[in-house]
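Coordinates as given in data30.cif (mmCIF, C-alpha atoms and all ligand atoms):
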data_input
loop_
_atom_site.group_PDB
_atom_site.id
_atom_site.type_symbol
_atom_site.label_atom_id
_atom_site.label_comp_id
_atom_site.auth_asym_id
_atom_site.auth_seq_id
_atom_site.Cartn_x
_atom_site.Cartn_y
_atom_site.Cartn_z
ATOM 1 C CA MET R 1 -12.120 11.245 -13.924
ATOM 2 C CA GLU R 2 -13.250 7.641 -14.208
ATOM 3 C CA LEU R 3 -12.703 5.554 -11.160
ATOM 4 C CA THR R 4 -9.910 3.475 -12.587
ATOM 5 C CA LEU R 5 -6.221 3.682 -12.042
ATOM 6 C CA ASP R 6 -4.005 1.826 -14.474
ATOM 7 C CA PHE R 7 -0.946 0.838 -12.606
ATOM 8 C CA TYR R 8 2.258 -1.099 -12.726
ATOM 9 C CA SER R 9 3.179 -3.534 -9.958
ATOM 10 C CA PRO R 10 5.700 -6.060 -11.283
ATOM 11 C CA GLU R 11 7.168 -9.049 -9.450
ATOM 12 C CA GLU R 12 10.911 -8.604 -9.304
ATOM 13 C CA GLU R 13 13.432 -11.135 -8.131
ATOM 14 C CA LEU R 14 16.008 -9.907 -5.629
ATOM 15 C CA PHE R 15 19.514 -11.303 -5.778
ATOM 16 C CA LEU R 16 21.395 -10.988 -2.512
ATOM 17 C CA PRO R 17 24.285 -13.191 -1.285
ATOM 18 C CA LEU R 18 22.239 -14.505 1.667
ATOM 19 C CA PHE R 19 19.492 -15.818 -0.604
ATOM 20 C CA LYS R 20 22.046 -17.627 -2.756
ATOM 21 C CA GLU R 21 23.822 -19.071 0.263
ATOM 22 C CA LYS R 22 20.553 -20.406 1.710
ATOM 23 C CA GLN R 23 19.236 -21.459 -1.710
ATOM 24 C CA VAL R 24 15.983 -19.567 -1.565
ATOM 25 C CA ARG R 25 14.491 -17.329 -4.242
ATOM 26 C CA VAL R 26 13.012 -14.038 -3.111
ATOM 27 C CA PHE R 27 10.643 -11.909 -5.175
ATOM 28 C CA VAL R 28 9.020 -8.583 -4.413
ATOM 29 C CA LYS R 29 5.583 -7.521 -5.642
ATOM 30 C CA ARG R 30 6.168 -3.825 -6.218
ATOM 31 C CA ASP R 31 2.928 -2.284 -5.010
ATOM 32 C CA ASP R 32 5.101 0.654 -3.968
ATOM 33 C CA LEU R 33 5.209 1.579 -7.667
ATOM 34 C CA ILE R 34 1.414 1.908 -7.955
ATOM 35 C CA HIS R 35 1.404 5.625 -7.185
ATOM 36 C CA PRO R 36 3.789 7.981 -5.347
ATOM 37 C CA PHE R 37 1.209 9.199 -2.807
ATOM 38 C CA ILE R 38 -1.568 6.630 -2.947
ATOM 39 C CA SER R 39 1.139 4.349 -1.788
ATOM 40 C CA GLY R 40 1.074 0.601 -2.205
ATOM 41 C CA ASN R 41 -1.739 -1.144 -0.413
ATOM 42 C CA LYS R 42 -3.522 2.159 0.219
ATOM 43 C CA TRP R 43 -4.907 2.238 -3.334
ATOM 44 C CA ARG R 44 -5.977 -1.391 -3.002
ATOM 45 C CA LYS R 45 -7.762 -0.565 0.244
ATOM 46 C CA LEU R 46 -9.498 2.563 -1.081
ATOM 47 C CA LYS R 47 -10.683 1.239 -4.433
ATOM 48 C CA TYR R 48 -13.979 -0.363 -3.400
ATOM 49 C CA ALA R 49 -14.749 2.347 -0.842
ATOM 50 C CA LEU R 50 -14.518 4.914 -3.628
ATOM 51 C CA ILE R 51 -16.612 2.807 -5.995
ATOM 52 C CA SER R 52 -19.267 2.453 -3.316
ATOM 53 C CA ALA R 53 -19.189 6.223 -2.620
ATOM 54 C CA LYS R 54 -19.737 6.966 -6.327
ATOM 55 C CA GLU R 55 -22.599 4.459 -6.508
ATOM 56 C CA ASN R 56 -24.262 5.987 -3.464
ATOM 57 C CA LYS R 57 -23.702 9.523 -4.760
ATOM 58 C CA GLN R 58 -21.591 10.460 -1.772
ATOM 59 C CA ASP R 59 -19.231 13.344 -2.447
ATOM 60 C CA THR R 60 -17.149 13.420 0.734
ATOM 61 C CA LEU R 61 -14.653 10.934 2.190
ATOM 62 C CA VAL R 62 -14.096 11.108 5.929
ATOM 63 C CA THR R 63 -11.223 9.236 7.483
ATOM 64 C CA PHE R 64 -8.815 9.015 10.406
ATOM 65 C CA GLY R 65 -5.116 8.683 11.116
ATOM 66 C CA GLY R 66 -2.016 9.710 13.030
ATOM 67 C CA ALA R 67 0.042 12.710 11.980
ATOM 68 C CA TRP R 68 2.283 10.628 9.683
ATOM 69 C CA SER R 69 -0.460 8.442 8.259
ATOM 70 C CA ASN R 70 0.109 7.093 4.747
ATOM 71 C CA HIS R 71 -3.604 6.400 4.631
ATOM 72 C CA LEU R 72 -4.555 10.053 5.227
ATOM 73 C CA LEU R 73 -2.283 11.141 2.409
ATOM 74 C CA ALA R 74 -3.585 8.411 0.090
ATOM 75 C CA THR R 75 -7.191 9.422 0.796
ATOM 76 C CA ALA R 76 -6.407 13.111 0.223
ATOM 77 C CA CYS R 77 -4.733 12.358 -3.100
ATOM 78 C CA ALA R 78 -7.389 9.874 -4.286
ATOM 79 C CA GLY R 79 -10.110 12.359 -3.330
ATOM 80 C CA ALA R 80 -8.464 15.028 -5.485
ATOM 81 C CA MET R 81 -8.048 12.618 -8.417
ATOM 82 C CA PHE R 82 -11.556 11.223 -8.385
ATOM 83 C CA GLY R 83 -13.574 14.282 -7.376
ATOM 84 C CA PHE R 84 -14.338 13.837 -3.673
ATOM 85 C CA ASN R 85 -14.019 16.293 -0.804
ATOM 86 C CA THR R 86 -11.848 14.835 1.932
ATOM 87 C CA ILE R 87 -11.793 15.344 5.669
ATOM 88 C CA GLY R 88 -9.110 13.815 7.870
ATOM 89 C CA PHE R 89 -9.437 13.532 11.644
ATOM 90 C CA VAL R 90 -5.882 13.591 12.963
ATOM 91 C CA ARG R 91 -5.006 12.038 16.324
ATOM 92 C CA GLY R 92 -3.309 14.358 18.828
ATOM 93 C CA GLU R 93 -2.460 18.026 19.122
ATOM 94 C CA SER R 94 -2.141 20.243 16.079
ATOM 95 C CA VAL R 95 1.226 19.760 14.365
ATOM 96 C CA SER R 96 2.682 20.358 10.953
ATOM 97 C CA ASN R 97 4.860 17.967 8.978
ATOM 98 C CA PRO R 98 5.485 17.097 5.310
ATOM 99 C CA VAL R 99 2.738 14.435 5.188
ATOM 100 C CA LEU R 100 0.045 16.730 6.604
ATOM 101 C CA ALA R 101 1.244 19.543 4.326
ATOM 102 C CA MET R 102 0.768 17.247 1.321
ATOM 103 C CA CYS R 103 -2.703 16.282 2.590
ATOM 104 C CA LYS R 104 -3.599 19.974 2.603
ATOM 105 C CA LEU R 105 -2.075 20.425 -0.827
ATOM 106 C CA TYR R 106 -4.494 17.797 -2.111
ATOM 107 C CA GLY R 107 -7.347 19.708 -0.503
ATOM 108 C CA MET R 108 -7.980 17.655 2.608
ATOM 109 C CA GLU R 109 -9.552 19.458 5.560
ATOM 110 C CA LEU R 110 -7.628 18.442 8.675
ATOM 111 C CA VAL R 111 -9.348 18.279 12.063
ATOM 112 C CA PHE R 112 -7.072 17.638 15.051
ATOM 113 C CA VAL R 113 -8.739 15.755 17.891
ATOM 114 C CA THR R 114 -7.547 14.581 21.297
ATOM 115 C CA ARG R 115 -6.579 10.950 21.766
ATOM 116 C CA THR R 116 -9.734 10.359 23.796
ATOM 117 C CA GLU R 117 -11.975 11.871 21.120
ATOM 118 C CA TYR R 118 -10.125 9.863 18.513
ATOM 119 C CA LYS R 119 -11.140 6.619 20.193
ATOM 120 C CA HIS R 120 -14.760 7.393 19.325
ATOM 121 C CA LYS R 121 -14.444 7.677 15.568
ATOM 122 C CA THR R 122 -18.088 6.991 14.795
ATOM 123 C CA ASP R 123 -19.134 9.787 17.183
ATOM 124 C CA LEU R 124 -16.743 12.212 15.501
ATOM 125 C CA PHE R 125 -18.271 11.290 12.171
ATOM 126 C CA LEU R 126 -21.865 11.516 13.367
ATOM 127 C CA GLN R 127 -21.325 14.869 15.115
ATOM 128 C CA ARG R 128 -20.634 16.340 11.733
ATOM 129 C CA PHE R 129 -22.544 14.141 9.292
ATOM 130 C CA GLU R 130 -25.778 12.320 9.861
ATOM 131 C CA SER R 131 -25.705 8.657 8.951
ATOM 132 C CA GLY R 132 -27.002 8.176 5.439
ATOM 133 C CA SER R 133 -25.601 11.572 4.499
ATOM 134 C CA ASN R 134 -23.407 12.429 1.551
ATOM 135 C CA ALA R 135 -20.249 11.436 3.414
ATOM 136 C CA LEU R 136 -18.551 8.040 3.512
ATOM 137 C CA PHE R 137 -16.863 6.874 6.729
ATOM 138 C CA ILE R 138 -13.565 5.133 5.969
ATOM 139 C CA ASP R 139 -11.919 3.585 9.005
ATOM 140 C CA GLU R 140 -8.358 4.275 10.113
ATOM 141 C CA GLY R 141 -5.816 2.676 7.783
ATOM 142 C CA GLY R 142 -8.588 1.682 5.360
ATOM 143 C CA TYR R 143 -9.571 -1.188 7.650
ATOM 144 C CA GLY R 144 -12.733 -3.018 6.598
ATOM 145 C CA PRO R 145 -14.407 -5.305 4.031
ATOM 146 C CA HIS R 146 -13.896 -2.888 1.107
ATOM 147 C CA GLY R 147 -10.200 -2.738 1.917
ATOM 148 C CA MET R 148 -9.919 -6.488 2.206
ATOM 149 C CA ARG R 149 -11.652 -7.007 -1.135
ATOM 150 C CA GLY R 150 -9.253 -4.658 -2.917
ATOM 151 C CA CYS R 151 -6.228 -6.426 -1.419
ATOM 152 C CA SER R 152 -7.518 -9.871 -2.377
ATOM 153 C CA GLU R 153 -6.962 -8.886 -6.030
ATOM 154 C CA ILE R 154 -3.192 -8.974 -5.500
ATOM 155 C CA ILE R 155 -3.232 -12.777 -5.640
ATOM 156 C CA ALA R 156 -4.948 -12.871 -9.056
ATOM 157 C CA GLU R 157 -2.142 -10.717 -10.483
ATOM 158 C CA LEU R 158 0.690 -13.056 -9.488
ATOM 159 C CA LYS R 159 2.672 -14.593 -12.341
ATOM 160 C CA HIS R 160 4.489 -17.264 -10.328
ATOM 161 C CA ALA R 161 3.504 -19.784 -7.677
ATOM 162 C CA TYR R 162 5.054 -19.175 -4.273
ATOM 163 C CA ASN R 163 5.648 -21.338 -1.225
ATOM 164 C CA HIS R 164 5.531 -18.298 1.042
ATOM 165 C CA ILE R 165 3.964 -14.853 0.806
ATOM 166 C CA PHE R 166 5.009 -12.195 3.335
ATOM 167 C CA CYS R 167 3.379 -8.896 4.215
ATOM 168 C CA ALA R 168 3.728 -6.252 6.960
ATOM 169 C CA ALA R 169 0.615 -5.735 9.081
ATOM 170 C CA GLY R 170 -0.802 -2.626 10.748
ATOM 171 C CA THR R 171 -4.547 -3.213 10.807
ATOM 172 C CA GLY R 172 -4.362 -6.650 9.128
ATOM 173 C CA THR R 173 -6.603 -5.605 6.225
ATOM 174 C CA THR R 174 -3.967 -6.338 3.584
ATOM 175 C CA LEU R 175 -3.194 -9.725 5.147
ATOM 176 C CA ALA R 176 -6.918 -10.490 5.287
ATOM 177 C CA GLY R 177 -7.163 -9.718 1.569
ATOM 178 C CA LEU R 178 -4.175 -11.908 0.760
ATOM 179 C CA ALA R 179 -5.635 -14.745 2.860
ATOM 180 C CA THR R 180 -8.942 -14.444 0.988
ATOM 181 C CA GLY R 181 -7.203 -14.415 -2.398
ATOM 182 C CA ILE R 182 -5.093 -17.453 -1.480
ATOM 183 C CA SER R 183 -8.202 -19.342 -0.408
ATOM 184 C CA ASP R 184 -10.284 -18.245 -3.448
ATOM 185 C CA HIS R 185 -7.536 -19.414 -5.802
ATOM 186 C CA LYS R 186 -7.062 -22.640 -3.837
ATOM 187 C CA LEU R 187 -3.332 -22.076 -3.403
ATOM 188 C CA GLU R 188 -2.960 -24.938 -0.973
ATOM 189 C CA HIS R 189 0.839 -24.910 -1.107
ATOM 190 C CA THR R 190 1.213 -21.249 -0.257
ATOM 191 C CA GLN R 191 1.864 -20.277 3.335
ATOM 192 C CA LEU R 192 0.921 -16.708 4.283
ATOM 193 C CA HIS R 193 3.175 -14.820 6.718
ATOM 194 C CA GLY R 194 2.332 -11.614 8.517
ATOM 195 C CA VAL R 195 4.821 -9.342 10.255
ATOM 196 C CA PRO R 196 2.906 -7.101 12.682
ATOM 197 C CA VAL R 197 4.625 -3.743 13.186
ATOM 198 C CA LEU R 198 2.934 -3.167 16.541
ATOM 199 C CA LYS R 199 3.675 -4.760 19.876
ATOM 200 C CA GLY R 200 1.352 -7.627 20.819
ATOM 201 C CA GLY R 201 0.721 -8.388 17.153
ATOM 202 C CA ALA R 202 -1.394 -11.487 17.844
ATOM 203 C CA PHE R 203 -4.420 -9.158 17.726
ATOM 204 C CA ILE R 204 -4.000 -9.137 13.948
ATOM 205 C CA GLU R 205 -5.467 -12.629 13.858
ATOM 206 C CA THR R 206 -8.613 -11.412 15.629
ATOM 207 C CA GLU R 207 -8.917 -8.479 13.238
ATOM 208 C CA MET R 208 -8.623 -10.858 10.296
ATOM 209 C CA LYS R 209 -11.279 -13.141 11.737
ATOM 210 C CA ASN R 210 -13.550 -10.123 12.242
ATOM 211 C CA LEU R 211 -13.216 -9.502 8.513
ATOM 212 C CA THR R 212 -14.092 -13.213 7.937
ATOM 213 C CA ALA R 213 -10.687 -13.916 6.396
ATOM 214 C CA PRO R 214 -9.526 -17.547 6.472
ATOM 215 C CA ILE R 215 -6.474 -18.022 8.698
ATOM 216 C CA GLN R 216 -5.603 -21.708 8.231
ATOM 217 C CA GLN R 217 -2.526 -20.896 6.116
ATOM 218 C CA LEU R 218 -1.404 -17.948 8.231
ATOM 219 C CA THR R 219 1.683 -17.573 10.431
ATOM 220 C CA LEU R 220 2.220 -14.341 12.361
ATOM 221 C CA HIS R 221 5.784 -13.396 13.261
ATOM 222 C CA THR R 222 5.157 -11.178 16.258
ATOM 223 C CA ASP R 223 8.760 -10.541 17.356
ATOM 224 C CA TYR R 224 9.759 -7.978 14.751
ATOM 225 C CA HIS R 225 8.016 -4.853 16.050
ATOM 226 C CA PHE R 226 11.255 -3.244 17.374
ATOM 227 C CA GLY R 227 9.472 -1.870 20.439
ATOM 228 C CA GLY R 228 6.139 -0.953 18.883
ATOM 229 C CA TYR R 229 4.475 1.083 16.179
ATOM 230 C CA ALA R 230 6.915 3.560 14.582
ATOM 231 C CA LYS R 231 9.571 2.521 17.092
ATOM 232 C CA THR R 232 13.018 1.800 15.734
ATOM 233 C CA THR R 233 16.496 0.782 16.809
ATOM 234 C CA PRO R 234 19.914 1.622 15.364
ATOM 235 C CA GLU R 235 20.091 -2.011 14.222
ATOM 236 C CA LEU R 236 16.955 -1.586 12.127
ATOM 237 C CA PHE R 237 18.297 1.595 10.531
ATOM 238 C CA HIS R 238 21.610 -0.096 9.749
ATOM 239 C CA PHE R 239 19.760 -2.971 8.138
ATOM 240 C CA ILE R 240 17.615 -0.592 6.064
ATOM 241 C CA GLN R 241 20.598 1.454 4.925
ATOM 242 C CA GLU R 242 22.470 -1.675 3.869
ATOM 243 C CA PHE R 243 19.423 -3.090 2.059
ATOM 244 C CA VAL R 244 18.514 0.107 0.205
ATOM 245 C CA SER R 245 22.109 0.717 -0.861
ATOM 246 C CA LYS R 246 22.514 -2.879 -2.103
ATOM 247 C CA THR R 247 19.201 -3.170 -3.962
ATOM 248 C CA GLY R 248 18.187 0.353 -4.990
ATOM 249 C CA MET R 249 14.772 -0.462 -3.541
ATOM 250 C CA MET R 250 13.389 1.962 -0.972
ATOM 251 C CA ILE R 251 12.188 0.520 2.308
ATOM 252 C CA GLU R 252 11.349 2.490 5.445
ATOM 253 C CA PRO R 253 11.411 1.916 9.220
ATOM 254 C CA VAL R 254 7.661 1.756 9.992
ATOM 255 C CA TYR R 255 6.494 -1.171 7.837
ATOM 256 C CA THR R 256 8.647 -2.560 5.056
ATOM 257 C CA GLY R 257 11.932 -2.234 6.964
ATOM 258 C CA LYS R 258 10.563 -4.519 9.682
ATOM 259 C CA LEU R 259 9.169 -6.877 7.023
ATOM 260 C CA PHE R 260 12.466 -7.292 5.170
ATOM 261 C CA TYR R 261 14.381 -7.550 8.427
ATOM 262 C CA ALA R 262 12.078 -10.389 9.510
ATOM 263 C CA LEU R 263 12.640 -12.197 6.232
ATOM 264 C CA HIS R 264 16.420 -11.921 6.520
ATOM 265 C CA ASP R 265 16.328 -13.151 10.092
ATOM 266 C CA LEU R 266 14.080 -16.112 9.251
ATOM 267 C CA ILE R 267 16.284 -17.078 6.304
ATOM 268 C CA ASN R 268 19.343 -16.895 8.555
ATOM 269 C CA LYS R 269 17.603 -19.216 10.990
ATOM 270 C CA ASN R 270 17.038 -21.757 8.189
ATOM 271 C CA THR R 271 13.261 -21.502 8.362
ATOM 272 C CA PHE R 272 12.829 -22.292 4.669
ATOM 273 C CA SER R 273 13.592 -25.302 2.508
ATOM 274 C CA PRO R 274 16.049 -25.162 -0.389
ATOM 275 C CA ASP R 275 14.434 -23.871 -3.601
ATOM 276 C CA ASP R 276 11.533 -22.283 -1.750
ATOM 277 C CA LYS R 277 10.075 -19.343 -3.617
ATOM 278 C CA ILE R 278 9.203 -16.459 -1.351
ATOM 279 C CA LEU R 279 7.230 -13.355 -2.255
ATOM 280 C CA LEU R 280 7.221 -10.135 -0.242
ATOM 281 C CA LEU R 281 4.535 -7.578 -0.822
ATOM 282 C CA HIS R 282 6.117 -4.129 -0.949
ATOM 283 C CA THR R 283 3.335 -1.993 0.493
ATOM 284 C CA GLY R 284 5.007 1.363 -0.218
ATOM 285 C CA GLY R 285 6.091 4.049 2.141
ATOM 286 C CA LEU R 286 8.601 6.789 1.284
ATOM 287 C CA THR R 287 6.640 8.916 3.734
ATOM 288 C CA GLY R 288 7.540 6.509 6.548
ATOM 289 C CA PHE R 289 11.152 7.436 5.985
ATOM 290 C CA LEU R 290 10.413 11.164 5.996
ATOM 291 C CA GLY R 291 8.919 10.810 9.479
ATOM 292 C CA MET R 292 12.112 9.207 10.769
ATOM 293 C CA TYR R 293 14.717 11.161 8.942
ATOM 294 C CA GLU R 294 15.969 13.086 11.975
ATOM 295 C CA GLU R 295 16.513 9.845 13.846
ATOM 296 C CA PHE R 296 18.312 8.408 10.848
ATOM 297 C CA THR R 297 20.504 11.490 10.489
ATOM 298 C CA SER R 298 21.434 11.452 14.181
ATOM 299 C CA LEU R 299 22.883 7.954 13.794
ATOM 300 C CA ASN R 300 25.569 9.207 11.379
ATOM 301 C CA ILE R 301 25.405 6.026 9.335
HETATM 302 C C1 LIG Q 401 -0.674 1.126 5.898
HETATM 303 C C2 LIG Q 401 0.520 0.326 5.576
HETATM 304 C C3 LIG Q 401 0.629 -1.037 5.925
HETATM 305 C C4 LIG Q 401 -0.392 -1.734 6.793
HETATM 306 O O1 LIG Q 401 -1.399 -2.378 6.094
HETATM 307 P P1 LIG Q 401 -2.634 -3.011 6.891
HETATM 308 O O2 LIG Q 401 -3.567 -3.408 5.810
HETATM 309 O O3 LIG Q 401 -3.209 -1.913 7.746
HETATM 310 O O4 LIG Q 401 -2.165 -4.122 7.722
HETATM 311 C C5 LIG Q 401 1.749 -1.727 5.513
HETATM 312 N N1 LIG Q 401 2.740 -1.104 4.813
HETATM 313 C C6 LIG Q 401 2.686 0.198 4.491
HETATM 314 C C7 LIG Q 401 3.823 0.825 3.778
HETATM 315 C C8 LIG Q 401 1.574 0.955 4.853
HETATM 316 O O5 LIG Q 401 1.546 2.261 4.547
#
With the file now loaded, output its structure as structure tokens.
Ligand SMILES: *Cc1c(COP(=O)(O)O)cnc(C)c1O
Amino acid sequence: MELTLDFYSPEEELFLPLFKEKQVRVFVKRDDLIHPFISGNKWRKLKYALISAKENKQDTLVTFGGAWSNHLLATACAGAMFGFNTIGFVRGESVSNPVLAMCKLYGMELVFVTRTEYKHKTDLFLQRFESGSNALFIDEGGYGPHGMRGCSEIIAELKHAYNHIFCAAGTGTTLAGLATGISDHKLEHTQLHGVPVLKGGAFIETEMKNLTAPIQQLTLHTDYHFGGYAKTTPELFHFIQEFVSKTGMMIEPVYTGKLFYALHDLINKNTFSPDDKILLLHTGGLTGFLGMYEEFTSLNI
């Protein structure tokens, strides 16, 4: 298969009473519709890594993630589509869950490693493959310059001008891409907003700088992590249930739930000016909901 993926990621306006009341217009860039398993930003982040692997005649993709990692699943699926072997180093003791089962279905070899071993990703890679071998190292979450480049293309696709663009952040690669795209297209009136889903999210700025992304137009909203990565509260689940049932648009508790919650909270606090146009990047994530479904069920919402 050629290394192209024709996809559909429209910008849709959302109409909710709060937006009308506060006179803001909210749009969503539906990257979640790109592919069911190479979800959202994960295709953007893999694209140039895969192109580089093909160019260098590498036939194996090696990457890293936690047991519910969207990135592992995306790599497994993309590997199957485009003719690569895939190996996933999984953090922590051997477990089984729907995401890892789907990784295996797509042919990924899973290697469980302790948390200490996981910290030394390059060593894990080199123990098995020599550098310059037929395998490509792809960092956890698709972090890196290839990932950033793929995400910068989002800006070129936009049909409207926006005052604000919002995105959830895990490694900051997607935000770094958006920041680069905004700067390349000289969108001086667009403010970029990141919502880190981990505690202590200010580190995202450092990660972006390490990728040489411009940060002049960036604001990080670091208070919407709900206790940390993959941590939730009943309030967050109630918000998600209300949002999904009112819009028909799936969001999940790990990334996009926190992103949309942050937006609602900031609108409520009158952060925006009347007639501001706001875009949220929907980065995907049905699998994030699968990982939390027992917690959701126990709430009896
Ligand atoms: C991986 C992921 C992110 C995080 O993107 P980064 O580029 O690592 O900041 C955001 N949203 C979803 C749904 C994801 O799966």
message: I want to know what sits within 10 Å of R:Glu235, based on only C-alpha atoms, with residues of the same chain fewer than 5 positions away left out; could you give that as a list of chain:residue names?
response: R:Phe226, R:Ile240, R:Gln241, R:Tyr261
task: Could I get the residue neighbourhood of ligand LIG 401 (chain Q) at 8 Å, counting all atoms listed in the file, as a VMD selection string?
output: chain R and resid 32 39 to 42 45 69 to 71 141 to 143 147 to 148 167 to 176 196 252 254 to 256 282 to 285 288
- line: Separating atom CA of R:Gly201 from atom CA of R:Tyr224, to the nearest tenth of an Å, is a gap of 9.4 Å
Selection under test: the PyMOL selection byres (((chain R and resi 80) around 12) and not hetatm); residues as a PDB file with C-alpha atoms, in the coordinates of the input:
ATOM      1  CA  MET R   1     -12.120  11.245 -13.924  1.00  0.00           C
ATOM      2  CA  LEU R   3     -12.703   5.554 -11.160  1.00  0.00           C
ATOM      3  CA  PHE R  37       1.209   9.199  -2.807  1.00  0.00           C
ATOM      4  CA  ILE R  38      -1.568   6.630  -2.947  1.00  0.00           C
ATOM      5  CA  LEU R  50     -14.518   4.914  -3.628  1.00  0.00           C
ATOM      6  CA  ASP R  59     -19.231  13.344  -2.447  1.00  0.00           C
ATOM      7  CA  THR R  60     -17.149  13.420   0.734  1.00  0.00           C
ATOM      8  CA  LEU R  61     -14.653  10.934   2.190  1.00  0.00           C
ATOM      9  CA  LEU R  73      -2.283  11.141   2.409  1.00  0.00           C
ATOM     10  CA  ALA R  74      -3.585   8.411   0.090  1.00  0.00           C
ATOM     11  CA  THR R  75      -7.191   9.422   0.796  1.00  0.00           C
ATOM     12  CA  ALA R  76      -6.407  13.111   0.223  1.00  0.00           C
ATOM     13  CA  CYS R  77      -4.733  12.358  -3.100  1.00  0.00           C
ATOM     14  CA  ALA R  78      -7.389   9.874  -4.286  1.00  0.00           C
ATOM     15  CA  GLY R  79     -10.110  12.359  -3.330  1.00  0.00           C
ATOM     16  CA  MET R  81      -8.048  12.618  -8.417  1.00  0.00           C
ATOM     17  CA  PHE R  82     -11.556  11.223  -8.385  1.00  0.00           C
ATOM     18  CA  GLY R  83     -13.574  14.282  -7.376  1.00  0.00           C
ATOM     19  CA  PHE R  84     -14.338  13.837  -3.673  1.00  0.00           C
ATOM     20  CA  ASN R  85     -14.019  16.293  -0.804  1.00  0.00           C
ATOM     21  CA  THR R  86     -11.848  14.835   1.932  1.00  0.00           C
ATOM     22  CA  ILE R  87     -11.793  15.344   5.669  1.00  0.00           C
ATOM     23  CA  MET R 102       0.768  17.247   1.321  1.00  0.00           C
ATOM     24  CA  CYS R 103      -2.703  16.282   2.590  1.00  0.00           C
ATOM     25  CA  LYS R 104      -3.599  19.974   2.603  1.00  0.00           C
ATOM     26  CA  LEU R 105      -2.075  20.425  -0.827  1.00  0.00           C
ATOM     27  CA  TYR R 106      -4.494  17.797  -2.111  1.00  0.00           C
ATOM     28  CA  GLY R 107      -7.347  19.708  -0.503  1.00  0.00           C
ATOM     29  CA  MET R 108      -7.980  17.655   2.608  1.00  0.00           C
ATOM     30  CA  GLU R 109      -9.552  19.458   5.560  1.00  0.00           C
TER      31      GLU R 109
END
message: I need the output of the PyMOL selection byres (((chain R and resi 221) around 7) and not hetatm) for this file as a ChimeraX atom specification; which residues are they?
response: /R:194-196,219-220,222-224
Hey, can you spit out that residue selection with C-alpha atoms as a short mmCIF file (atom, residue, chain, number, x, y, z; two decimals), keeping the file's coordinate frame?
data_model
loop_
_atom_site.label_atom_id
_atom_site.label_comp_id
_atom_site.auth_asym_id
_atom_site.auth_seq_id
_atom_site.Cartn_x
_atom_site.Cartn_y
_atom_site.Cartn_z
CA GLY R 194 2.33 -11.61 8.52
CA VAL R 195 4.82 -9.34 10.26
CA PRO R 196 2.91 -7.10 12.68
CA THR R 219 1.68 -17.57 10.43
CA LEU R 220 2.22 -14.34 12.36
CA THR R 222 5.16 -11.18 16.26
CA ASP R 223 8.76 -10.54 17.36
CA TYR R 224 9.76 -7.98 14.75
#
With all atoms listed in the file counted and 12 Å as the cut-off, give the residues of stretch 152-224 of chain R in contact with stretch 271-274 of chain R, each with its shortest interatomic distance in Å and the pair that gives it, as CSV.
residue,atom,partner,partner_atom,distance
R:Asn163,CA,R:Phe272,CA,9.3
R:His164,CA,R:Phe272,CA,9.1
R:Gln191,CA,R:Phe272,CA,11.2
Write to file, as a PDB file, keeping the file's coordinate frame, the residues of the selection just made, with C-alpha atoms.
ATOM      1  CA  ASN R 163       5.648 -21.338  -1.225  1.00  0.00           C
ATOM      2  CA  HIS R 164       5.531 -18.298   1.042  1.00  0.00           C
ATOM      3  CA  GLN R 191       1.864 -20.277   3.335  1.00  0.00           C
TER       4      GLN R 191
END
task: Identify all residues satisfying the PyMOL selection byres (((chain R and resi 150-154) around 9) and not hetatm) in the given file; provide them as a ChimeraX atom specification.
output: /R:29,41,43-48,145-149,155-158,173-182,184
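Considering all atoms listed in the file, the residue among R:Leu72, R:Met292, R:Leu286, R:Val244 positioned nearest to R:Thr232 is R:Met292.
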- request: Name the closest residue to R:Trp68 among the candidates R:Leu290, R:Leu187, R:Leu198, R:Ile301; distances are taken between atoms, counting only C-alpha atoms.
  value: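 Residue with the minimum atom-to-atom distance to R:Trp68: R:Leu290.
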- request: Tell me which protein, DNA and RNA residues are within 12 Å of R:Gly92, counting only C-alpha atoms, leaving out same-chain ones fewer than 5 positions away, and put them as a ChimeraX atom specification.
  value: /R:64-68,110-119
- request: Tell me, in Å to one decimal, how far atom CA of R:Val26 is from atom CA of R:Glu188.
  value: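 Between atom CA of R:Val26 and atom CA of R:Glu188 the gap is 19.5 Å.
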- prompt: How far is it from atom CA of R:Asp123 to atom CA of R:Val62, in Å with one decimal?
  reply: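 Between these atoms lies a distance of 12.4 Å.
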task: Rank R:Lys54, R:Pro253, R:Ile138, R:Gln23 by their smallest atom-to-atom distance to R:Tyr293, using only C-alpha atoms, and report the top residue only.
output: R:Pro253
